[in-house]
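work_7.cif, holding mmCIF, C-alpha atoms:
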```cif
data_start
loop_
_atom_site.label_atom_id
_atom_site.label_comp_id
_atom_site.auth_asym_id
_atom_site.auth_seq_id
_atom_site.Cartn_x
_atom_site.Cartn_y
_atom_site.Cartn_z
CA MET A 18 210.86 107.50 1.16
CA PHE A 19 213.03 109.12 3.83
CA GLY A 20 213.65 105.66 5.30
CA LEU A 21 215.82 104.92 2.27
CA PHE A 22 218.46 107.29 3.63
CA ARG A 23 218.32 106.09 7.24
CA LYS A 24 221.66 104.94 8.60
CA LYS A 25 221.60 101.28 9.57
CA SER A 26 222.27 100.38 13.19
CA PRO A 27 225.25 98.19 14.14
CA LEU A 28 222.94 95.22 14.70
CA GLU A 29 221.26 95.67 11.32
CA LYS A 30 224.69 95.76 9.70
CA LEU A 31 225.75 92.63 11.57
CA ILE A 32 222.62 90.74 10.49
CA LYS A 33 223.06 91.84 6.89
CA GLN A 34 226.75 90.92 6.88
CA ASP A 35 226.76 87.63 8.83
CA GLY A 36 223.11 86.53 8.86
CA ILE A 37 220.59 86.44 11.68
CA GLU A 38 221.77 83.06 13.01
CA HIS A 39 225.33 84.27 13.55
CA ALA A 40 224.17 87.59 14.98
CA SER A 41 221.79 85.93 17.43
CA ASP A 42 224.57 83.49 18.39
CA ARG A 43 226.82 86.38 19.39
CA ILE A 44 224.17 88.18 21.42
CA SER A 45 222.97 84.99 23.12
CA GLU A 46 226.55 84.20 24.17
CA ILE A 47 226.83 87.59 25.88
CA ILE A 48 223.47 87.11 27.58
CA CYS A 49 224.37 83.60 28.77
CA LYS A 50 227.51 84.99 30.42
CA LYS A 51 225.44 87.69 32.12
CA LEU A 52 222.91 85.11 33.32
CA GLY A 53 225.50 82.81 34.83
CA GLU A 54 223.34 80.37 36.76
CA LYS A 55 220.35 78.35 35.59
CA HIS A 56 217.82 79.78 38.05
CA VAL A 57 218.59 83.27 36.67
CA ALA A 58 218.34 82.00 33.10
CA TYR A 59 215.03 80.32 33.92
CA GLN A 60 213.54 83.59 35.21
CA PHE A 61 214.88 85.40 32.15
CA ILE A 62 213.20 82.90 29.84
CA LEU A 63 209.92 83.00 31.77
CA GLU A 64 209.80 86.74 31.19
CA GLU A 65 210.68 86.37 27.51
CA VAL A 66 207.98 83.74 26.98
CA GLU A 67 205.35 85.75 28.86
CA ALA A 68 206.13 88.83 26.78
CA ALA A 69 206.06 86.76 23.58
CA SER A 70 202.66 85.29 24.51
CA GLN A 71 201.26 88.84 24.35
CA GLY A 72 202.92 89.71 21.05
CA ASP A 73 202.24 89.16 17.37
CA ARG A 74 201.62 85.87 15.61
CA ALA A 75 205.31 84.90 15.39
CA ALA A 76 205.93 85.75 19.04
CA ILE A 77 202.88 83.77 20.17
CA ALA A 78 204.07 80.79 18.11
CA PHE A 79 207.41 80.95 19.94
CA ALA A 80 205.66 81.01 23.31
CA LYS A 81 203.49 78.03 22.41
CA SER A 82 206.48 76.01 21.21
CA SER A 83 208.68 76.87 24.19
CA GLY A 84 207.67 73.87 26.26
CA ILE A 85 206.75 76.23 29.11
CA SER A 86 203.11 76.36 30.15
CA PRO A 87 201.14 79.54 30.92
CA ALA A 88 200.91 78.35 34.52
CA GLN A 89 204.70 78.64 34.71
CA TYR A 90 205.23 81.98 32.95
CA ASN A 91 202.13 84.02 33.85
CA GLY A 92 203.16 86.89 36.11
CA ALA A 93 206.88 86.34 35.53
CA MET A 94 207.52 89.93 34.44
CA ASN A 95 206.11 91.17 37.74
CA ASN A 96 208.39 88.83 39.69
CA SER A 97 211.72 89.79 38.16
CA PHE A 98 214.86 90.49 40.17
CA ALA A 99 218.05 92.49 39.72
CA GLU A 100 220.14 89.63 38.31
CA VAL A 101 217.72 89.50 35.40
CA ASP A 102 216.37 93.02 35.02
CA GLY A 103 218.94 95.24 36.74
CA PRO A 104 220.54 98.22 34.91
CA ASP A 105 223.42 96.07 33.62
CA GLY A 106 221.45 92.86 33.52
CA PRO A 107 220.69 90.56 30.58
CA GLN A 108 217.10 91.75 30.13
CA GLN A 109 218.08 95.39 29.70
CA PHE A 110 220.96 94.40 27.43
CA LEU A 111 218.62 92.44 25.15
CA LEU A 112 216.05 95.23 25.18
CA HIS A 113 218.59 97.87 24.17
CA THR A 114 220.05 95.56 21.53
CA CYS A 115 216.66 94.82 19.99
CA MET A 116 215.75 98.51 19.94
CA GLN A 117 218.28 98.81 17.12
CA LEU A 118 215.71 96.94 15.01
CA ILE A 119 212.74 99.12 16.00
CA SER A 120 212.18 100.20 12.39
CA ASN A 121 211.60 96.56 11.41
CA LYS A 122 209.26 94.99 13.97
CA ARG A 123 209.11 91.65 12.18
CA LEU A 124 212.89 91.32 12.22
CA MET A 125 213.03 92.46 15.83
CA VAL A 126 210.64 89.71 16.93
CA GLN A 127 212.50 87.13 14.86
CA PHE A 128 215.83 88.15 16.34
CA ARG A 129 214.63 88.33 19.94
CA THR A 130 212.94 84.94 19.86
CA LYS A 131 216.03 83.38 18.26
CA VAL A 132 218.18 84.75 21.08
CA ALA A 133 215.74 83.44 23.69
CA GLU A 134 215.65 80.05 21.96
CA LYS A 135 219.43 79.79 22.12
CA VAL A 136 219.48 80.72 25.79
CA MET A 137 216.89 78.00 26.41
CA LYS A 138 219.02 75.46 24.58
CA ARG A 139 222.21 76.51 26.40
CA PHE A 140 220.61 76.09 29.85
CA ASN A 141 218.32 73.14 28.96
CA ILE A 142 215.13 75.07 29.68
CA GLY A 143 211.59 74.39 28.44
CA LYS A 144 211.40 72.00 25.52
CA TYR A 145 215.16 71.45 25.70
CA GLU A 146 214.89 70.30 29.29
CA LEU A 147 212.64 67.49 28.11
CA ALA A 148 215.59 65.92 26.31
CA HIS A 149 217.57 65.69 29.56
CA LYS A 150 215.00 65.29 32.30
CA VAL A 151 214.24 61.85 33.71
CA PHE A 152 210.71 61.59 35.08
CA SER A 153 209.33 59.06 37.51
CA LEU A 154 206.11 57.55 36.17
CA ASP A 155 203.99 59.62 38.58
CA ASP A 156 205.83 62.79 37.59
CA LEU A 157 205.43 61.96 33.91
CA ILE A 158 201.69 61.44 34.31
CA ALA A 159 201.34 64.68 36.28
CA GLU A 160 203.38 66.71 33.76
CA THR A 161 201.36 65.26 30.89
CA ALA A 162 198.07 66.02 32.64
CA ASN A 163 199.17 69.61 33.31
CA LEU A 164 200.01 70.14 29.65
CA ILE A 165 196.65 68.72 28.56
CA ILE A 166 194.83 71.05 30.96
CA ASP A 167 196.78 74.07 29.70
CA THR A 168 195.96 73.08 26.12
CA VAL A 169 192.21 72.45 26.38
CA ASN A 170 191.23 74.90 29.12
CA LYS A 171 191.59 78.34 27.58
CA ASN A 172 189.80 81.68 27.25
CA GLY A 173 187.95 81.03 30.50
CA PHE A 174 186.60 77.72 29.23
CA LYS A 175 187.23 74.85 31.65
CA MET A 176 186.71 71.47 30.04
CA LEU A 177 188.89 69.29 32.22
CA ASN A 178 190.15 69.15 35.80
CA LYS A 179 193.41 67.64 37.08
CA SER A 180 191.98 64.31 38.23
CA GLY A 181 190.15 63.82 34.94
CA ALA A 182 193.28 64.58 32.94
CA ILE A 183 195.34 62.16 35.04
CA GLU A 184 192.82 59.35 34.42
CA MET A 185 192.95 60.03 30.68
CA VAL A 186 196.76 59.85 30.69
CA LYS A 187 196.78 56.61 32.70
CA GLU A 188 194.35 55.04 30.23
CA THR A 189 196.54 56.14 27.32
CA ILE A 190 199.71 54.78 28.91
CA SER A 191 198.08 51.42 29.60
CA GLY A 192 197.64 50.90 25.86
CA ILE A 193 201.23 51.70 24.83
CA ASN A 194 203.57 48.83 24.10
CA GLY A 195 206.98 50.23 25.00
CA ASP A 196 209.05 51.93 27.67
CA ILE A 197 206.92 54.92 28.67
CA SER A 198 209.74 56.39 30.76
CA THR A 199 211.57 57.27 27.54
CA CYS A 200 208.71 59.45 26.27
CA ARG A 201 208.37 63.18 26.70
CA HIS A 202 205.18 64.45 28.21
CA ASN A 203 204.31 66.53 25.15
CA VAL A 204 204.16 63.37 23.02
CA LEU A 205 202.00 61.58 25.58
CA ALA A 206 199.73 64.64 25.86
CA LEU A 207 199.29 64.68 22.08
CA LEU A 208 198.43 60.98 21.96
CA THR A 209 195.99 61.32 24.88
CA LEU A 210 194.11 64.19 23.23
CA ILE A 211 193.99 62.43 19.87
CA LEU A 212 192.61 59.25 21.41
CA ALA A 213 189.95 61.32 23.19
CA ALA A 214 189.14 63.09 19.92
CA LYS A 215 188.83 59.78 18.08
CA SER A 216 186.57 58.39 20.80
CA ALA A 217 184.32 61.46 20.52
CA PHE A 218 184.32 61.15 16.73
CA ASP A 219 183.34 57.47 16.88
CA ASP A 220 180.52 58.41 19.29
CA ASN A 221 179.31 60.95 16.70
CA ASN A 222 180.19 63.88 18.97
CA LYS A 223 181.72 65.82 16.09
CA GLY A 224 181.93 69.12 17.96
CA LEU A 225 184.05 67.71 20.78
CA ALA A 226 186.14 65.69 18.32
CA ASN A 227 186.90 68.78 16.27
CA TYR A 228 187.78 70.86 19.33
CA LEU A 229 190.20 68.27 20.69
CA SER A 230 191.72 67.79 17.24
CA GLN A 231 192.32 71.53 16.91
CA CYS A 232 193.90 71.62 20.39
CA SER A 233 196.17 68.76 19.35
CA LYS A 234 197.52 70.81 16.46
CA VAL A 235 199.07 73.21 18.99
CA LEU A 236 200.99 70.30 20.51
CA VAL A 237 202.07 69.02 17.10
CA GLU A 238 203.47 72.45 16.19
CA ALA A 239 205.45 72.52 19.45
CA ILE A 240 206.78 69.00 18.91
CA TRP A 241 207.96 69.86 15.41
CA GLN A 242 210.00 72.74 16.82
CA LEU A 243 212.43 70.27 18.41
CA PRO A 244 214.90 68.61 15.98
CA ASN A 245 213.98 65.07 14.88
CA GLU A 246 217.11 63.58 16.39
CA GLU A 247 215.89 64.55 19.86
CA TYR A 248 213.03 62.03 19.63
CA ASN A 249 213.36 58.26 19.97
CA ASP A 250 211.67 55.56 17.88
CA LEU A 251 208.75 55.08 20.26
CA GLU A 252 208.04 58.81 20.31
CA PHE A 253 208.21 58.96 16.50
CA SER A 254 205.69 56.12 16.18
CA LEU A 255 203.30 57.75 18.68
CA VAL A 256 203.52 61.13 16.94
CA ASP A 257 203.02 59.54 13.51
CA TYR A 258 199.98 57.64 14.76
CA SER A 259 198.57 60.80 16.33
CA VAL A 260 199.01 62.87 13.18
CA GLU A 261 197.43 60.22 10.95
CA THR A 262 194.52 59.86 13.35
CA MET A 263 194.12 63.63 13.47
CA LYS A 264 193.85 63.73 9.67
CA SER A 265 191.11 61.10 9.72
CA ILE A 266 188.93 63.13 12.11
CA ASP A 267 189.82 66.68 11.02
CA LEU A 268 186.52 68.41 10.26
CA SER A 269 187.90 71.92 9.67
#
```

Since I need it in another form, could you write the structure as structure tokens?
Amino acid sequence: MFGLFRKKSPLEKLIKQDGIEHASDRISEIICKKLGEKHVAYQFILEEVEAASQGDRAAIAFAKSSGISPAQYNGAMNNSFAEVDGPDGPQQFLLHTCMQLISNKRLMVQFRTKVAEKVMKRFNIGKYELAHKVFSLDDLIAETANLIIDTVNKNGFKMLNKSGAIEMVKETISGINGDISTCRHNVLALLTLILAAKSAFDDNNKGLANYLSQCSKVLVEAIWQLPNEEYNDLEFSLVDYSVETMKSIDLS
């Protein structure tokens, strides 16, 4: 009951007065100015995503939808540098700002991930980089294979190696009627996993089909985090096909 008489912090007042979107806009603008260059912003985001991956359900969801793989962010917090984590740096500023919400952990996570999301968007990092990055076909295949490996090999369980993933992606691409170079690797990874799940289902390997289908849901959630207008018609058709196919083999 004593919490009823607690004086609200300046950040709590700002969120109540202007809303969390406006408040996170203001803080992200300050952080972006402190970051300055993209390589500093990239390190900052790697640390934010790594920390989020070890947090609660909402934080983990942010990490999964970031477009940054565990292979990229693991160990980032141990590799920080002064431009990111110095006494007057952006990391310490965000930490001290978020501590104003310590009495409401759910709000603190929501606010911090919103700020990180806006920094990502400002510097075209993670899933926002996908909208601006032009891949060669070999790079696209490699990026897609890496994402598939990160998605299916987890908790010490190794289902697939790099060469196997690359062959799967090449087979998927060979069956697509359209300009593959316009597709993001997360969409191609989703389609590849769904086709593998359907093949397993048709072969009556229901366990493998279900596992691959469940892994695909992680990719779908990440794809839905990016606004619809960021995807082109070919990507929309591939995602729609993947989702419909997933429904037909979902055994959960």

For the file shown, what are the residues hit by the PyMOL selection byres ((chain A and resi 75) around 12), laid out as a VMD selection string? chain A and resid 66 69 to 74 76 to 82 122 to 131

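For the structure in this document, the set picked by the PyMOL selection byres ((chain A and resi 249) around 12) is Ala148, Gly195, Asp196, Ile197, Ser198, Thr199, Cys200, Arg201, Val204, Pro244, Asn245, Glu246, Glu247, Tyr248, Asp250, Leu251, Glu252, Phe253, Ser254, Leu255 and Val256 of chain A.
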
Can you translate the PyMOL selection byres ((chain A and resi 239) around 9) into the concrete residues it hits in this file, as an MDAnalysis selection string? chainID A and resid 78:79 81:84 144 203 234:238 240:243

Using only C-alpha atoms, which of the listed residues (A:Leu63, A:Cys115, A:Ala40, A:Leu208) sits closest to A:Ile165?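 Using only C-alpha atoms, A:Ile165 sits closest to A:Leu208.
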
Can you tell me, as AutoDock Vina command-line options, the centre and edge lengths (Å, one decimal) of the axis-aligned box enclosing all of stretch 183-198 of chain A's listed atoms after padding each side by 3 Å?
```
--center_x 201.3 --center_y 55.5 --center_z 29.6 --size_x 22.9 --size_y 19.3 --size_z 16.9
```

Find the distance between atom CA of A:Tyr145 and atom CA of A:His39 and write it in Å to one decimal.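 Computed distance, atom CA of A:Tyr145 to atom CA of A:His39, equals 20.4 Å.
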
Excluding same-chain residues fewer than 2 positions from A:Cys49, what lies within 9 Å of it counting all atoms listed in the file, as a VMD selection string? chain A and resid 44 to 47 51 to 54 58 107 136 139 to 140

Interatomic distance, atom CA of A:Asp167 to atom CA of A:Gly224 (Å, one decimal): 19.6 Å

Skipping near chain neighbours, those fewer than 5 positions away, what residues fall within 9 Å of A:Gly106 using all atoms listed in the file, listed as a list in words?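 So, after excluding close chain neighbours, the residues are Ile48, Lys51, Leu52, Ala99, Glu100, Val101 and Leu111 of chain A.
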
Residues within 10 Å of A:Phe98, only C-alpha atoms, excluding chain neighbours under 4 positions, as a list in words: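 Non-adjacent residues within range: Val57, Gln60, Phe61, Met94, Asp102, Gly103 and Gly106 of chain A.
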
Tell me, in Å to one decimal, how far atom CA of A:Ala226 is from atom CA of A:Ile266. 7.3 Å

Do a neighbour search on A:Lys215 at 12 Å with all atoms listed in the file, toss out local chain neighbours closer than 6 positions, and write the hits as a ChimeraX atom specification. /A:208-209,221-230,233,258-268

Return the single residue from A:Glu160, A:Glu29, A:Asp35, A:Glu65 that is closest to A:Thr114, with distances computed using only C-alpha atoms. A:Glu29

Excluding same-chain residues fewer than 2 positions from A:Gln89, what lies within 10 Å of it counting all atoms listed in the file, as a ChimeraX atom specification? /A:63,66-67,85-87,91-93

Place all heavy atoms on stretch 160-171 of chain A and deliver the coordinates as a PDB file, in the frame of the given file.
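After the write, selection_2.pdb holds the following:
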```
ATOM      1  N   GLU A 160     202.940  65.721  34.740  1.00  0.00           N
ATOM      2  CA  GLU A 160     203.380  66.710  33.760  1.00  0.00           C
ATOM      3  C   GLU A 160     202.522  66.649  32.505  1.00  0.00           C
ATOM      4  O   GLU A 160     202.154  67.668  31.926  1.00  0.00           O
ATOM      5  CB  GLU A 160     204.847  66.485  33.407  1.00  0.00           C
ATOM      6  CG  GLU A 160     205.831  66.815  34.504  1.00  0.00           C
ATOM      7  CD  GLU A 160     206.025  68.309  34.668  1.00  0.00           C
ATOM      8  OE1 GLU A 160     205.780  69.055  33.709  1.00  0.00           O
ATOM      9  OE2 GLU A 160     206.407  68.732  35.769  1.00  0.00           O
ATOM     10  N   THR A 161     202.199  65.431  32.076  1.00  0.00           N
ATOM     11  CA  THR A 161     201.360  65.260  30.890  1.00  0.00           C
ATOM     12  C   THR A 161     199.969  65.812  31.125  1.00  0.00           C
ATOM     13  O   THR A 161     199.402  66.513  30.268  1.00  0.00           O
ATOM     14  CB  THR A 161     201.275  63.764  30.515  1.00  0.00           C
ATOM     15  OG1 THR A 161     202.593  63.233  30.324  1.00  0.00           O
ATOM     16  CG2 THR A 161     200.472  63.564  29.233  1.00  0.00           C
ATOM     17  N   ALA A 162     199.410  65.518  32.290  1.00  0.00           N
ATOM     18  CA  ALA A 162     198.070  66.020  32.640  1.00  0.00           C
ATOM     19  C   ALA A 162     198.056  67.541  32.679  1.00  0.00           C
ATOM     20  O   ALA A 162     197.105  68.179  32.188  1.00  0.00           O
ATOM     21  CB  ALA A 162     197.630  65.438  33.979  1.00  0.00           C
ATOM     22  N   ASN A 163     199.098  68.142  33.248  1.00  0.00           N
ATOM     23  CA  ASN A 163     199.170  69.610  33.310  1.00  0.00           C
ATOM     24  C   ASN A 163     199.186  70.226  31.920  1.00  0.00           C
ATOM     25  O   ASN A 163     198.541  71.246  31.667  1.00  0.00           O
ATOM     26  CB  ASN A 163     200.423  70.050  34.076  1.00  0.00           C
ATOM     27  CG  ASN A 163     200.302  69.839  35.578  1.00  0.00           C
ATOM     28  OD1 ASN A 163     199.195  69.762  36.109  1.00  0.00           O
ATOM     29  ND2 ASN A 163     201.425  69.729  36.253  1.00  0.00           N
ATOM     30  N   LEU A 164     199.940  69.608  31.015  1.00  0.00           N
ATOM     31  CA  LEU A 164     200.010  70.140  29.650  1.00  0.00           C
ATOM     32  C   LEU A 164     198.661  70.010  28.946  1.00  0.00           C
ATOM     33  O   LEU A 164     198.241  70.917  28.216  1.00  0.00           O
ATOM     34  CB  LEU A 164     201.100  69.404  28.861  1.00  0.00           C
ATOM     35  CG  LEU A 164     201.301  69.852  27.407  1.00  0.00           C
ATOM     36  CD1 LEU A 164     201.561  71.351  27.327  1.00  0.00           C
ATOM     37  CD2 LEU A 164     202.445  69.069  26.772  1.00  0.00           C
ATOM     38  N   ILE A 165     197.981  68.906  29.159  1.00  0.00           N
ATOM     39  CA  ILE A 165     196.650  68.720  28.560  1.00  0.00           C
ATOM     40  C   ILE A 165     195.687  69.785  29.069  1.00  0.00           C
ATOM     41  O   ILE A 165     194.941  70.392  28.282  1.00  0.00           O
ATOM     42  CB  ILE A 165     196.119  67.310  28.878  1.00  0.00           C
ATOM     43  CG1 ILE A 165     196.918  66.256  28.107  1.00  0.00           C
ATOM     44  CG2 ILE A 165     194.628  67.197  28.536  1.00  0.00           C
ATOM     45  CD1 ILE A 165     196.605  64.838  28.503  1.00  0.00           C
ATOM     46  N   ILE A 166     195.710  70.036  30.367  1.00  0.00           N
ATOM     47  CA  ILE A 166     194.830  71.050  30.960  1.00  0.00           C
ATOM     48  C   ILE A 166     195.121  72.425  30.378  1.00  0.00           C
ATOM     49  O   ILE A 166     194.214  73.177  30.013  1.00  0.00           O
ATOM     50  CB  ILE A 166     194.982  71.056  32.495  1.00  0.00           C
ATOM     51  CG1 ILE A 166     194.381  69.786  33.089  1.00  0.00           C
ATOM     52  CG2 ILE A 166     194.303  72.287  33.107  1.00  0.00           C
ATOM     53  CD1 ILE A 166     194.690  69.583  34.552  1.00  0.00           C
ATOM     54  N   ASP A 167     196.407  72.777  30.273  1.00  0.00           N
ATOM     55  CA  ASP A 167     196.780  74.070  29.700  1.00  0.00           C
ATOM     56  C   ASP A 167     196.334  74.199  28.251  1.00  0.00           C
ATOM     57  O   ASP A 167     196.028  75.298  27.774  1.00  0.00           O
ATOM     58  CB  ASP A 167     198.302  74.258  29.769  1.00  0.00           C
ATOM     59  CG  ASP A 167     198.787  74.552  31.180  1.00  0.00           C
ATOM     60  OD1 ASP A 167     197.966  74.961  32.014  1.00  0.00           O
ATOM     61  OD2 ASP A 167     199.993  74.345  31.441  1.00  0.00           O
ATOM     62  N   THR A 168     196.292  73.063  27.545  1.00  0.00           N
ATOM     63  CA  THR A 168     195.960  73.080  26.120  1.00  0.00           C
ATOM     64  C   THR A 168     194.470  73.192  25.863  1.00  0.00           C
ATOM     65  O   THR A 168     194.039  73.915  24.961  1.00  0.00           O
ATOM     66  CB  THR A 168     196.513  71.808  25.433  1.00  0.00           C
ATOM     67  OG1 THR A 168     197.927  71.720  25.659  1.00  0.00           O
ATOM     68  CG2 THR A 168     196.251  71.844  23.930  1.00  0.00           C
ATOM     69  N   VAL A 169     193.662  72.478  26.655  1.00  0.00           N
ATOM     70  CA  VAL A 169     192.210  72.450  26.380  1.00  0.00           C
ATOM     71  C   VAL A 169     191.416  73.474  27.166  1.00  0.00           C
ATOM     72  O   VAL A 169     190.331  73.881  26.732  1.00  0.00           O
ATOM     73  CB  VAL A 169     191.621  71.033  26.623  1.00  0.00           C
ATOM     74  CG1 VAL A 169     192.332  69.998  25.780  1.00  0.00           C
ATOM     75  CG2 VAL A 169     191.679  70.651  28.097  1.00  0.00           C
ATOM     76  N   ASN A 170     191.928  73.885  28.324  1.00  0.00           N
ATOM     77  CA  ASN A 170     191.230  74.900  29.120  1.00  0.00           C
ATOM     78  C   ASN A 170     191.788  76.273  28.784  1.00  0.00           C
ATOM     79  O   ASN A 170     192.873  76.629  29.236  1.00  0.00           O
ATOM     80  CB  ASN A 170     191.407  74.642  30.620  1.00  0.00           C
ATOM     81  CG  ASN A 170     190.742  73.350  31.085  1.00  0.00           C
ATOM     82  OD1 ASN A 170     190.000  72.715  30.343  1.00  0.00           O
ATOM     83  ND2 ASN A 170     191.023  72.958  32.310  1.00  0.00           N
ATOM     84  N   LYS A 171     191.084  77.028  27.985  1.00  0.00           N
ATOM     85  CA  LYS A 171     191.590  78.340  27.580  1.00  0.00           C
ATOM     86  C   LYS A 171     190.439  79.309  27.374  1.00  0.00           C
ATOM     87  O   LYS A 171     189.292  78.913  27.196  1.00  0.00           O
ATOM     88  CB  LYS A 171     192.429  78.229  26.314  1.00  0.00           C
ATOM     89  CG  LYS A 171     191.778  77.475  25.169  1.00  0.00           C
ATOM     90  CD  LYS A 171     192.782  77.224  24.056  1.00  0.00           C
ATOM     91  CE  LYS A 171     192.153  76.414  22.928  1.00  0.00           C
ATOM     92  NZ  LYS A 171     193.119  76.123  21.857  1.00  0.00           N
TER      93      LYS A 171
END
```
